>>> print(open('final13.txt').read())   # compact mmCIF, C-alpha atoms and all ligand atoms
# COMPACT_ATOMS: atom_id res chain seq x y z
CA MET A 1 -20.89 2.97 8.56
CA TYR A 2 -19.83 -0.26 10.26
CA ASN A 3 -20.89 0.88 13.73
CA ASN A 4 -22.41 -2.09 15.54
CA PRO A 5 -23.12 -2.02 19.31
CA ASN A 6 -23.99 -5.74 19.20
CA LEU A 7 -20.39 -6.78 18.68
CA ILE A 8 -19.77 -7.20 22.37
CA PHE A 9 -19.23 -10.40 24.38
CA GLU A 10 -22.29 -10.79 26.60
CA GLN A 11 -21.27 -13.83 28.62
CA SER A 12 -17.84 -15.37 28.63
CA ILE A 13 -15.01 -13.52 26.92
CA PRO A 14 -13.04 -15.89 24.68
CA GLN A 15 -9.36 -16.33 24.00
CA GLY A 16 -7.89 -17.33 20.69
CA LYS A 17 -5.40 -16.66 17.95
CA THR A 18 -5.64 -15.56 14.35
CA GLY A 19 -3.14 -14.65 11.66
CA TRP A 20 -2.87 -13.25 8.15
CA ARG A 21 -0.17 -12.66 5.57
CA SER A 22 -0.79 -9.49 3.61
CA PRO A 23 1.27 -7.83 0.87
CA SER A 24 2.38 -4.28 0.26
CA ASN A 25 1.39 -2.44 -2.92
CA ILE A 26 2.89 0.11 -5.27
CA ALA A 27 0.76 2.92 -6.67
CA LEU A 28 0.71 3.77 -10.38
CA VAL A 29 -1.63 6.75 -9.99
CA LYS A 30 -0.62 8.26 -6.66
CA TYR A 31 -2.71 9.13 -3.64
CA TRP A 32 -1.29 12.40 -2.31
CA GLY A 33 -3.54 14.60 -0.20
CA LYS A 34 -6.30 13.63 2.20
CA LYS A 35 -9.06 14.94 4.42
CA ALA A 36 -10.50 13.53 7.65
CA VAL A 37 -10.85 10.67 8.27
CA GLN A 38 -8.43 9.13 5.81
CA ILE A 39 -10.50 10.20 2.80
CA PRO A 40 -8.31 10.71 -0.27
CA LEU A 41 -8.44 13.97 -2.21
CA ASN A 42 -7.89 12.06 -5.43
CA PRO A 43 -8.34 8.45 -6.54
CA SER A 44 -5.35 6.13 -6.89
CA ILE A 45 -4.59 2.75 -8.37
CA SER A 46 -1.84 0.31 -7.44
CA PHE A 47 -0.71 -3.18 -8.03
CA THR A 48 -0.36 -5.55 -5.17
CA LEU A 49 3.08 -7.02 -4.59
CA SER A 50 3.82 -10.70 -4.12
CA LYS A 51 7.00 -11.23 -2.11
CA SER A 52 6.92 -8.08 0.02
CA TYR A 53 4.46 -8.92 2.74
CA THR A 54 3.80 -8.79 6.47
CA GLU A 55 2.80 -11.78 8.54
CA THR A 56 0.82 -10.86 11.63
CA THR A 57 -0.58 -13.04 14.38
CA VAL A 58 -2.98 -11.75 17.00
CA GLU A 59 -3.46 -13.61 20.28
CA TYR A 60 -6.33 -12.34 22.39
CA SER A 61 -7.65 -13.11 25.85
CA PRO A 62 -10.01 -11.47 28.35
CA ALA A 63 -8.86 -8.12 29.67
CA ALA A 64 -9.46 -7.35 33.30
CA GLU A 65 -11.90 -4.44 33.65
CA GLY A 66 -10.35 -1.36 31.99
CA GLU A 67 -7.14 -3.24 31.24
CA SER A 68 -7.41 -3.54 27.45
CA ALA A 69 -3.80 -3.60 26.29
CA VAL A 70 -1.62 -4.31 23.31
CA GLN A 71 1.80 -5.89 23.38
CA PHE A 72 3.40 -5.61 19.99
CA PHE A 73 6.44 -7.53 18.73
CA LEU A 74 8.12 -6.54 15.48
CA GLU A 75 10.55 -9.13 14.11
CA GLY A 76 10.44 -10.88 17.49
CA GLU A 77 11.30 -7.79 19.52
CA ILE A 78 8.90 -5.82 21.65
CA ASN A 79 8.14 -2.42 20.12
CA GLU A 80 6.35 -0.16 22.57
CA GLN A 81 5.96 2.75 20.19
CA PHE A 82 4.07 0.65 17.61
CA GLY A 83 2.18 -1.06 20.45
CA GLU A 84 0.86 2.32 21.61
CA LYS A 85 -0.08 3.31 18.06
CA ILE A 86 -2.04 0.10 17.62
CA HIS A 87 -3.72 0.54 20.97
CA ALA A 88 -4.80 4.05 19.89
CA TYR A 89 -6.04 2.61 16.57
CA PHE A 90 -8.09 -0.01 18.45
CA LYS A 91 -9.60 2.70 20.68
CA GLY A 92 -10.64 4.58 17.52
CA LEU A 93 -12.49 1.43 16.39
CA ASP A 94 -14.61 1.29 19.55
CA THR A 95 -17.95 1.87 17.81
CA ILE A 96 -17.14 -0.63 15.03
CA PHE A 97 -15.72 -3.36 17.28
CA PRO A 98 -16.91 -2.68 20.87
CA PHE A 99 -15.46 -6.08 21.85
CA LEU A 100 -11.89 -4.78 21.44
CA LYS A 101 -12.02 -3.12 24.85
CA GLN A 102 -12.87 -6.49 26.46
CA LEU A 103 -9.65 -8.07 25.21
CA LYS A 104 -5.94 -7.81 25.64
CA PHE A 105 -3.67 -8.59 22.74
CA THR A 106 -0.28 -9.96 21.91
CA ILE A 107 0.51 -9.09 18.31
CA ARG A 108 3.52 -10.43 16.45
CA SER A 109 4.46 -9.01 13.09
CA SER A 110 7.30 -9.65 10.68
CA ASN A 111 8.08 -8.30 7.23
CA THR A 112 9.83 -10.07 4.38
CA PHE A 113 11.50 -6.79 3.41
CA PRO A 114 13.76 -4.36 5.25
CA HIS A 115 12.52 -1.12 6.77
CA SER A 116 13.07 2.05 4.68
CA ALA A 117 13.41 0.11 1.44
CA GLY A 118 10.73 2.09 -0.36
CA ILE A 119 8.15 -0.59 0.34
CA ALA A 120 5.15 0.50 2.37
CA SER A 121 5.21 -1.64 5.51
CA SER A 122 2.23 0.39 6.72
CA ALA A 123 0.18 -0.99 3.80
CA SER A 124 1.07 -4.63 4.43
CA GLY A 125 1.04 -4.26 8.22
CA MET A 126 -2.28 -2.44 8.56
CA SER A 127 -4.04 -4.69 6.04
CA ALA A 128 -2.80 -7.82 7.87
CA LEU A 129 -3.99 -6.40 11.20
CA ALA A 130 -7.39 -5.37 9.80
CA LEU A 131 -7.87 -8.89 8.45
CA CYS A 132 -7.05 -10.36 11.87
CA LEU A 133 -9.73 -8.15 13.47
CA CYS A 134 -12.29 -9.23 10.89
CA SER A 135 -11.38 -12.88 11.52
CA ILE A 136 -12.01 -12.38 15.27
CA GLU A 137 -15.42 -10.89 14.47
CA GLN A 138 -16.21 -13.68 12.03
CA LYS A 139 -15.18 -16.42 14.46
CA HIS A 140 -17.13 -15.17 17.47
CA PHE A 141 -20.06 -13.25 15.99
CA GLY A 142 -20.40 -14.63 12.42
CA GLY A 143 -22.47 -12.37 10.28
CA MET A 144 -20.20 -11.33 7.44
CA GLU A 145 -22.30 -13.04 4.85
CA SER A 146 -19.83 -13.20 1.95
CA LYS A 147 -16.13 -13.13 1.15
CA GLU A 148 -16.76 -9.77 -0.56
CA ALA A 149 -18.29 -8.32 2.60
CA PHE A 150 -15.39 -9.63 4.70
CA PHE A 151 -12.69 -8.10 2.49
CA GLN A 152 -14.57 -4.85 2.01
CA LYS A 153 -14.79 -4.38 5.77
CA ALA A 154 -11.10 -5.27 6.17
CA SER A 155 -10.25 -2.72 3.46
CA TYR A 156 -12.34 -0.07 5.25
CA LEU A 157 -10.55 -0.78 8.55
CA ALA A 158 -7.09 -0.88 6.95
CA ARG A 159 -7.78 2.55 5.44
CA LEU A 160 -8.41 3.99 8.88
CA GLY A 161 -4.93 2.80 9.90
CA SER A 162 -3.05 3.86 6.77
CA GLY A 163 -4.81 5.13 3.62
CA SER A 164 -2.97 3.17 0.94
CA ALA A 165 -3.27 -0.03 3.04
CA CYS A 166 -6.87 -0.38 1.84
CA ARG A 167 -5.53 -1.32 -1.62
CA SER A 168 -3.57 -4.31 -0.24
CA LEU A 169 -6.68 -6.42 0.42
CA TYR A 170 -6.89 -7.72 -3.15
CA GLY A 171 -4.57 -9.14 -5.77
CA GLY A 172 -3.71 -7.55 -9.12
CA MET A 173 -4.73 -3.95 -9.81
CA VAL A 174 -6.69 -2.19 -7.08
CA SER A 175 -8.16 1.30 -7.07
CA TRP A 176 -9.14 3.45 -4.12
CA GLY A 177 -11.08 6.68 -4.21
CA LYS A 178 -14.14 7.76 -6.12
CA VAL A 179 -13.44 7.83 -9.86
CA ASP A 180 -15.86 9.99 -11.88
CA GLY A 181 -18.37 7.75 -13.64
CA ARG A 182 -17.13 4.48 -12.10
CA ILE A 183 -19.79 3.35 -9.68
CA GLU A 184 -17.78 0.45 -8.32
CA THR A 185 -15.15 2.80 -6.84
CA SER A 186 -15.26 4.32 -3.36
CA ASP A 187 -13.39 6.67 -1.04
CA LEU A 188 -14.02 4.21 1.78
CA TRP A 189 -12.32 1.04 0.54
CA GLY A 190 -10.27 -0.45 -2.27
CA THR A 191 -11.83 -2.02 -5.37
CA GLN A 192 -10.19 -4.81 -7.33
CA GLN A 193 -9.96 -4.03 -11.06
CA ILE A 194 -9.45 -7.66 -11.99
CA LYS A 195 -11.99 -8.08 -14.74
CA ASN A 196 -10.55 -5.36 -16.87
CA VAL A 197 -6.84 -6.08 -16.88
CA HIS A 198 -4.86 -7.28 -19.90
CA PRO A 199 -2.78 -10.38 -18.97
CA ASP A 200 0.53 -8.61 -19.81
CA PHE A 201 0.03 -6.35 -16.80
CA LEU A 202 -0.65 -9.23 -14.45
CA THR A 203 2.85 -10.65 -15.04
CA PHE A 204 4.56 -7.37 -14.25
CA ASN A 205 7.86 -7.46 -12.38
CA ASP A 206 8.90 -4.80 -9.90
CA SER A 207 12.65 -4.68 -9.25
CA ILE A 208 12.96 -2.35 -6.28
CA LEU A 209 16.31 -0.57 -6.58
CA ILE A 210 17.57 0.70 -3.23
CA VAL A 211 19.28 4.03 -3.81
CA ASP A 212 19.23 5.07 -0.16
CA ALA A 213 18.09 3.12 2.89
CA ALA A 214 17.98 6.01 5.37
CA GLN A 215 14.73 6.95 7.09
CA LYS A 216 13.04 9.72 5.05
CA LYS A 217 13.11 13.20 6.57
CA VAL A 218 9.49 14.15 5.85
CA SER A 219 6.77 11.62 6.65
CA SER A 220 3.88 10.88 4.28
CA ARG A 221 1.49 12.23 6.92
CA ILE A 222 3.16 15.64 6.72
CA GLY A 223 3.39 15.41 2.93
CA HIS A 224 -0.36 14.77 2.59
CA GLY A 225 -1.05 17.75 4.87
CA LEU A 226 1.09 20.09 2.76
CA MET A 227 -1.18 19.44 -0.23
CA ASN A 228 -3.82 21.61 1.49
CA SER A 229 -1.74 24.70 0.80
CA ASN A 230 0.06 23.61 -2.37
CA PRO A 231 -0.80 26.13 -5.13
CA PHE A 232 -1.01 23.32 -7.72
CA SER A 233 -3.13 20.88 -5.72
CA ALA A 234 -6.52 21.56 -7.37
CA GLU A 235 -5.04 20.87 -10.82
CA ARG A 236 -3.22 17.84 -9.49
CA PHE A 237 -6.44 16.32 -8.14
CA LYS A 238 -8.11 16.85 -11.53
CA GLN A 239 -5.13 15.33 -13.32
CA ALA A 240 -5.27 12.21 -11.11
CA GLN A 241 -8.97 11.75 -12.02
CA SER A 242 -8.15 11.88 -15.71
CA ASN A 243 -5.00 9.74 -15.40
CA ILE A 244 -6.83 6.99 -13.57
CA LEU A 245 -9.59 6.84 -16.17
CA ARG A 246 -6.99 6.71 -18.95
CA LEU A 247 -5.01 4.08 -17.06
CA MET A 248 -8.08 1.90 -16.55
CA ASP A 249 -8.55 1.85 -20.37
CA VAL A 250 -4.85 1.28 -20.94
CA LEU A 251 -4.85 -1.67 -18.53
CA LYS A 252 -7.80 -3.15 -20.40
CA ILE A 253 -6.41 -2.85 -23.93
CA GLY A 254 -2.76 -3.53 -23.02
CA ASP A 255 -1.32 -0.25 -24.39
CA MET A 256 2.23 -0.41 -23.01
CA ASP A 257 3.42 2.99 -24.32
CA GLU A 258 0.54 4.81 -22.71
CA PHE A 259 1.02 2.80 -19.50
CA ILE A 260 4.64 3.98 -19.35
CA ASN A 261 3.60 7.57 -20.06
CA ILE A 262 1.05 7.74 -17.28
CA THR A 263 3.10 5.80 -14.73
CA GLU A 264 6.28 7.84 -15.08
CA SER A 265 4.39 11.13 -15.24
CA GLU A 266 2.55 10.21 -12.02
CA ALA A 267 5.82 9.40 -10.22
CA LEU A 268 7.41 12.70 -11.23
CA THR A 269 4.22 14.63 -10.42
CA LEU A 270 4.21 13.18 -6.89
CA HIS A 271 7.72 14.49 -6.35
CA ALA A 272 6.87 17.79 -8.07
CA MET A 273 4.15 18.24 -5.45
CA MET A 274 6.77 17.80 -2.72
CA MET A 275 9.07 20.32 -4.40
CA THR A 276 6.26 22.87 -4.71
CA SER A 277 4.94 22.48 -1.15
CA ASN A 278 5.56 25.14 1.45
CA PRO A 279 7.94 24.28 3.03
CA TYR A 280 9.40 22.58 -0.06
CA TYR A 281 11.39 19.40 0.20
CA LEU A 282 13.11 16.85 -1.95
CA LEU A 283 13.13 13.08 -1.44
CA MET A 284 14.91 12.07 -4.65
CA LYS A 285 18.69 11.63 -4.50
CA PRO A 286 21.25 12.25 -7.26
CA ASN A 287 21.34 8.53 -8.01
CA THR A 288 17.55 8.46 -8.37
CA LEU A 289 18.00 10.83 -11.32
CA ASN A 290 21.02 8.95 -12.65
CA ILE A 291 18.92 5.81 -12.81
CA ILE A 292 15.92 7.56 -14.38
CA GLU A 293 18.13 8.93 -17.15
CA ARG A 294 19.57 5.45 -17.81
CA ILE A 295 16.03 4.06 -18.02
CA PHE A 296 15.02 6.71 -20.58
CA ASP A 297 18.14 5.98 -22.69
CA PHE A 298 17.78 2.20 -22.48
CA ARG A 299 14.13 2.29 -23.48
CA GLU A 300 14.78 4.66 -26.35
CA SER A 301 17.68 2.63 -27.75
CA THR A 302 16.16 -0.86 -27.32
CA GLY A 303 12.39 -0.31 -27.46
CA ILE A 304 12.09 -2.59 -24.41
CA PRO A 305 9.04 -1.57 -22.33
CA VAL A 306 10.61 -0.86 -18.98
CA CYS A 307 9.62 2.11 -16.84
CA PHE A 308 9.86 3.41 -13.30
CA THR A 309 7.71 4.62 -10.51
CA LEU A 310 8.63 6.19 -7.18
CA ASP A 311 7.08 6.07 -3.77
CA ALA A 312 7.51 8.93 -1.30
CA GLY A 313 11.25 8.26 -1.20
CA PRO A 314 14.40 8.01 -3.32
CA ASN A 315 14.18 4.34 -4.33
CA ILE A 316 13.16 3.25 -7.83
CA HIS A 317 10.51 0.67 -8.63
CA LEU A 318 11.53 -0.66 -12.05
CA LEU A 319 8.45 -2.07 -13.77
CA TYR A 320 8.43 -4.40 -16.78
CA PRO A 321 6.50 -7.36 -18.19
CA GLU A 322 7.84 -10.84 -17.52
CA LYS A 323 8.58 -11.45 -21.20
CA VAL A 324 11.45 -8.91 -21.21
CA SER A 325 12.84 -9.81 -17.80
CA SER A 326 16.10 -11.41 -19.01
CA GLU A 327 17.07 -8.29 -21.00
CA VAL A 328 16.12 -6.02 -18.10
CA LYS A 329 18.17 -8.06 -15.60
CA VAL A 330 21.27 -7.56 -17.79
CA PHE A 331 20.49 -3.82 -18.00
CA ILE A 332 20.24 -3.62 -14.20
CA ASP A 333 23.53 -5.46 -13.70
CA ASP A 334 25.44 -3.53 -16.37
CA GLU A 335 24.08 -0.02 -15.91
CA LEU A 336 22.11 0.50 -12.71
CA LYS A 337 23.76 -1.52 -9.94
CA THR A 338 26.56 0.96 -9.63
CA PHE A 339 24.08 3.61 -8.39
CA LEU A 340 22.62 1.43 -5.64
CA HIS A 341 23.19 1.35 -1.92
CA GLN A 342 25.20 -1.84 -1.33
CA SER A 343 23.93 -3.07 -4.73
CA ARG A 344 20.62 -3.79 -3.05
CA ILE A 345 17.66 -4.91 -5.13
CA ILE A 346 14.41 -6.48 -3.99
CA GLU A 347 12.82 -8.55 -6.73
CA ASP A 348 9.06 -8.52 -6.64
CA ARG A 349 6.08 -8.88 -8.97
CA VAL A 350 2.32 -8.53 -9.14
CA GLY A 351 0.74 -10.73 -6.47
CA ASN A 352 -2.56 -12.35 -5.60
CA GLY A 353 -3.42 -10.63 -2.34
CA PRO A 354 -3.62 -11.72 1.31
CA GLU A 355 -3.61 -15.28 2.67
CA ASN A 356 -5.17 -16.56 5.85
CA LEU A 357 -2.60 -18.35 8.01
CA ASN A 358 -5.45 -20.56 9.32
CA LEU A 359 -4.19 -20.70 12.89
O1 LIG A 401 -0.92 5.58 2.81
P1 LIG A 401 0.10 6.64 3.11
O2 LIG A 401 -0.43 7.70 3.99
O3 LIG A 401 1.42 6.06 3.56
O4 LIG A 401 0.42 7.41 1.73
C1 LIG A 401 0.99 6.77 0.62
C2 LIG A 401 1.32 7.73 -0.43
C3 LIG A 401 2.12 7.19 -1.61
O5 LIG A 401 2.75 5.99 -1.30
C4 LIG A 401 3.20 8.21 -1.97
C5 LIG A 401 1.24 7.03 -2.83
C6 LIG A 401 0.29 5.88 -2.82
O6 LIG A 401 -0.79 6.03 -3.44
O7 LIG A 401 0.60 4.82 -2.26
>>> encode(input="final13.txt", output="structure tokens", more="lines below")
Ligand code: PMV
Amino acid sequence: MYNNPNLIFEQSIPQGKTGWRSPSNIALVKYWGKKAVQIPLNPSISFTLSKSYTETTVEYSPAAEGESAVQFFLEGEINEQFGEKIHAYFKGLDTIFPFLKQLKFTIRSSNTFPHSAGIASSASGMSALALCLCSIEQKHFGGMESKEAFFQKASYLARLGSGSACRSLYGGMVSWGKVDGRIETSDLWGTQQIKNVHPDFLTFNDSILIVDAAQKKVSSRIGHGLMNSNPFSAERFKQAQSNILRLMDVLKIGDMDEFINITESEALTLHAMMMTSNPYYLLMKPNTLNIIERIFDFRESTGIPVCFTLDAGPNIHLLYPEKVSSEVKVFIDDELKTFLHQSRIIEDRVGNGPENLNL
């Protein structure tokens, strides 16, 4: 839909530099299952993180004929594998950005969080890169008439790199995927749900509890694919539609109990889908369950609104409003730290979305 043969340098090919900081996100209603090309089989909603982000700079200069190339540095070190992946991603964008083949690139990326910590570096990384590409277009061709158009295109491009990355383009709560009866939603890009969110949810903390830092054995790409033959997938996709509609209401009225219900059920359903795939697999660890049980007990005995969600991995995202953070910190120290890998916790919270580094 963004195909544009005019985005090609006709005379001189420029050189320049651009850069963006873009956050990761954590889903409340989970995207799990997709069809080509990166179209979700059910809608999802996430909140954007604040401290867990990627900073990416893109330097570009004229490529000699046929020499379009990408040099990619992660945390200051050349990473050829990622460089090749990005080059392949750029080639796939040829009809959207024909000018990419006229350039060669040096891309430098760094994350504020460690790899395999249960934070999606693909979401922050691909959204930062997509924003850099849109900035190059904007600088040399103009034409993206509004901020909305700019971010929508960046969200579309991020999605092509990594589905859930398209939700990282905005702050607060962001949905992705067509929700029945909600005309503002789309399978093609993320939509910010800012107008309808109760302030309590915009101060949410996310203490990311690292149970295991090892690389997961089954990638999300394989996991999505296994949903095509999962016997429960059709029901799951229906359930996600209804959960997201309920959650949108809950976010508006500030119903904390119902928020907890939907969020925890979604996390366990995601893992239930993994356990019922063929071949089946398990990404939770014993200490994931130990922590979940402690959370249930703590909430029941204190009434403090703290809950968990899980990504496609063993680590726990502990979610709670700012107003109960001192009690929750004591709970983490007294009861949960013992289950963590090297007592590792990453403290994050709901964030405001990407920032231009204005290079
Ligand atoms: O965007 P992907 O392909 O890495 O898939 C992400 C899937 C989950 O993180 C498990 C759920 C989600 O909606 O983010």
>>> residues_around(input="final13.txt", residues="stretch 175-186 of chain A", least_positions_apart="5", cutoff="6 Å", atoms="all atoms listed in the file", output="JSON, numbers by chain")
{"A": [43, 44, 45, 191]}
>>> closest_residue(input="final13.txt", among="A:Gln239, A:Asn4, A:Gln102, A:Ser343", to="A:Ile208", atoms="only C-alpha atoms")
A:Ser343
>>> closest_residue(input="final13.txt", among="A:Ser122, A:Asn352, A:Asn111, A:Thr263", to="ligand LIG 401 (chain A)", atoms="all atoms listed in the file")
A:Ser122
>>> axis_aligned_box(input="final13.txt", around="ligand LIG 401 (chain A)", padding_each_side="5 Å", output="lines of an AutoDock Vina configuration file")
center_x = 1.1
center_y = 6.5
center_z = 0.3
size_x = 14.1
size_y = 13.4
size_z = 17.4
>>> residues_near_ligand(input="final13.txt", ligand="ligand LIG 401 (chain A)", cutoff="10 Å", atoms="all atoms listed in the file", output="ChimeraX atom specification")
/A:24-34,38,40,42-47,118-123,126,158-167,175-176,219-224,266-267,270-271,310-313
>>> atom_distance(input="final13.txt", atom1="atom CA of A:Asn278", atom2="atom CA of A:Pro314")
19.9 Å
>>> residues_near_point(input="final13.txt", point="(3.8, 22.7, -4.7)", cutoff="10 Å", atoms="all atoms listed in the file", output="list of chain:residue names")
A:Leu226, A:Met227, A:Asn228, A:Ser229, A:Asn230, A:Pro231, A:Phe232, A:Ser233, A:Arg236, A:Thr269, A:Leu270, A:His271, A:Ala272, A:Met273, A:Met274, A:Met275, A:Thr276, A:Ser277, A:Asn278, A:Pro279, A:Tyr280, A:Tyr281
>>> atom_distance(input="final13.txt", atom1="atom CA of A:Lys238", atom2="atom CA of A:Asn196")
23.0 Å
>>> atom_distance(input="final13.txt", atom1="atom CA of A:Lys91", atom2="atom CA of A:Gly171")
29.4 Å
>>> closest_residue(input="final13.txt", among="A:Pro321, A:Gly76, A:Pro62, A:Pro23", to="A:Ser207", atoms="all atoms listed in the file")
A:Pro321
>>> closest_residue(input="final13.txt", among="A:Leu188, A:Leu340, A:Leu129, A:Met1", to="A:Lys285", atoms="all atoms listed in the file")
A:Leu340
>>> closest_atom_pairs(input="final13.txt", of="stretch 191-288 of chain A", to="stretch 332-338 of chain A", cutoff="12 Å", atoms="all atoms listed in the file", output="tab-separated table")
residue	atom	partner	partner_atom	distance
A:Ser207	CA	A:Ile332	CA	9.1
A:Ile208	CA	A:Ile332	CA	10.8
A:Leu209	CA	A:Lys337	CA	8.2
A:Ile210	CA	A:Lys337	CA	9.4
A:Val211	CA	A:Lys337	CA	9.4
A:Asn287	CA	A:Leu336	CA	9.3
A:Thr288	CA	A:Leu336	CA	10.1
>>> residues_near_point(input="final13.txt", point="(-18.8, -13.0, 20.3)", cutoff="6 Å", atoms="only C-alpha atoms", output="ChimeraX atom specification")
/A:9,140-141
>>> closest_residue(input="final13.txt", among="A:Asn205, A:Asp212, A:Leu357, A:Ser242", to="A:Cys307", atoms="only C-alpha atoms")
A:Asn205
>>> closest_residue(input="final13.txt", among="A:Ala234, A:Leu318, A:Val218, A:Val250", to="A:Asp348", atoms="all atoms listed in the file")
A:Leu318
>>> residues_around(input="final13.txt", residues="A:Gln15", least_positions_apart="3", cutoff="12 Å", atoms="only C-alpha atoms", output="ChimeraX atom specification")
/A:9,12,18,58-63,102-106,136,139-140
>>> write_last_selection(input="final13.txt", atoms="C-alpha atoms", output="PDB file, in the coordinates of the input")
ATOM      1  CA  PHE A   9     -19.230 -10.400  24.380  1.00  0.00           C
ATOM      2  CA  SER A  12     -17.840 -15.370  28.630  1.00  0.00           C
ATOM      3  CA  THR A  18      -5.640 -15.560  14.350  1.00  0.00           C
ATOM      4  CA  VAL A  58      -2.980 -11.750  17.000  1.00  0.00           C
ATOM      5  CA  GLU A  59      -3.460 -13.610  20.280  1.00  0.00           C
ATOM      6  CA  TYR A  60      -6.330 -12.340  22.390  1.00  0.00           C
ATOM      7  CA  SER A  61      -7.650 -13.110  25.850  1.00  0.00           C
ATOM      8  CA  PRO A  62     -10.010 -11.470  28.350  1.00  0.00           C
ATOM      9  CA  ALA A  63      -8.860  -8.120  29.670  1.00  0.00           C
ATOM     10  CA  GLN A 102     -12.870  -6.490  26.460  1.00  0.00           C
ATOM     11  CA  LEU A 103      -9.650  -8.070  25.210  1.00  0.00           C
ATOM     12  CA  LYS A 104      -5.940  -7.810  25.640  1.00  0.00           C
ATOM     13  CA  PHE A 105      -3.670  -8.590  22.740  1.00  0.00           C
ATOM     14  CA  THR A 106      -0.280  -9.960  21.910  1.00  0.00           C
ATOM     15  CA  ILE A 136     -12.010 -12.380  15.270  1.00  0.00           C
ATOM     16  CA  LYS A 139     -15.180 -16.420  14.460  1.00  0.00           C
ATOM     17  CA  HIS A 140     -17.130 -15.170  17.470  1.00  0.00           C
TER      18      HIS A 140
END
>>> residues_around(input="final13.txt", residues="A:Ser325", least_positions_apart="3", cutoff="10 Å", atoms="all atoms listed in the file", output="PyMOL selection string")
chain A and resi 204-205+207+304+306+319-322+328-331
>>> decode(input="final13.txt", residues="stretch 127-140 of chain A", atoms="N, CA and C atoms", output="mmCIF file, in the first residue's frame")
data_model
loop_
_atom_site.group_PDB
_atom_site.id
_atom_site.type_symbol
_atom_site.label_atom_id
_atom_site.label_comp_id
_atom_site.auth_asym_id
_atom_site.auth_seq_id
_atom_site.Cartn_x
_atom_site.Cartn_y
_atom_site.Cartn_z
ATOM 1 N N SER A 127 11.434 -1.095 15.357
ATOM 2 C CA SER A 127 10.705 0.187 15.312
ATOM 3 C C SER A 127 11.695 1.338 15.154
ATOM 4 N N ALA A 128 12.859 1.245 15.838
ATOM 5 C CA ALA A 128 13.868 2.316 15.696
ATOM 6 C C ALA A 128 14.365 2.376 14.247
ATOM 7 N N LEU A 129 14.600 1.208 13.663
ATOM 8 C CA LEU A 129 15.103 1.176 12.280
ATOM 9 C C LEU A 129 14.058 1.721 11.299
ATOM 10 N N ALA A 130 12.807 1.326 11.494
ATOM 11 C CA ALA A 130 11.735 1.802 10.607
ATOM 12 C C ALA A 130 11.628 3.333 10.685
ATOM 13 N N LEU A 131 11.765 3.862 11.888
ATOM 14 C CA LEU A 131 11.708 5.326 12.038
ATOM 15 C C LEU A 131 12.861 5.999 11.301
ATOM 16 N N CYS A 132 14.049 5.392 11.368
ATOM 17 C CA CYS A 132 15.206 5.962 10.654
ATOM 18 C C CYS A 132 14.923 6.008 9.148
ATOM 19 N N LEU A 133 14.327 4.922 8.618
ATOM 20 C CA LEU A 133 14.031 4.901 7.172
ATOM 21 C C LEU A 133 13.020 5.989 6.813
ATOM 22 N N CYS A 134 12.021 6.162 7.662
ATOM 23 C CA CYS A 134 11.026 7.218 7.389
ATOM 24 C C CYS A 134 11.662 8.602 7.474
ATOM 25 N N SER A 135 12.619 8.767 8.385
ATOM 26 C CA SER A 135 13.310 10.065 8.479
ATOM 27 C C SER A 135 14.118 10.343 7.209
ATOM 28 N N ILE A 136 14.737 9.292 6.641
ATOM 29 C CA ILE A 136 15.503 9.491 5.392
ATOM 30 C C ILE A 136 14.534 9.926 4.282
ATOM 31 N N GLU A 137 13.396 9.243 4.220
ATOM 32 C CA GLU A 137 12.405 9.642 3.197
ATOM 33 C C GLU A 137 11.991 11.100 3.411
ATOM 34 N N GLN A 138 11.650 11.400 4.654
ATOM 35 C CA GLN A 138 11.143 12.746 4.959
ATOM 36 C C GLN A 138 12.174 13.814 4.603
ATOM 37 N N LYS A 139 13.434 13.543 4.931
ATOM 38 C CA LYS A 139 14.488 14.539 4.708
ATOM 39 C C LYS A 139 14.716 14.790 3.210
ATOM 40 N N HIS A 140 14.703 13.742 2.418
ATOM 41 C CA HIS A 140 15.108 13.907 1.018
ATOM 42 C C HIS A 140 13.945 13.986 0.033
#
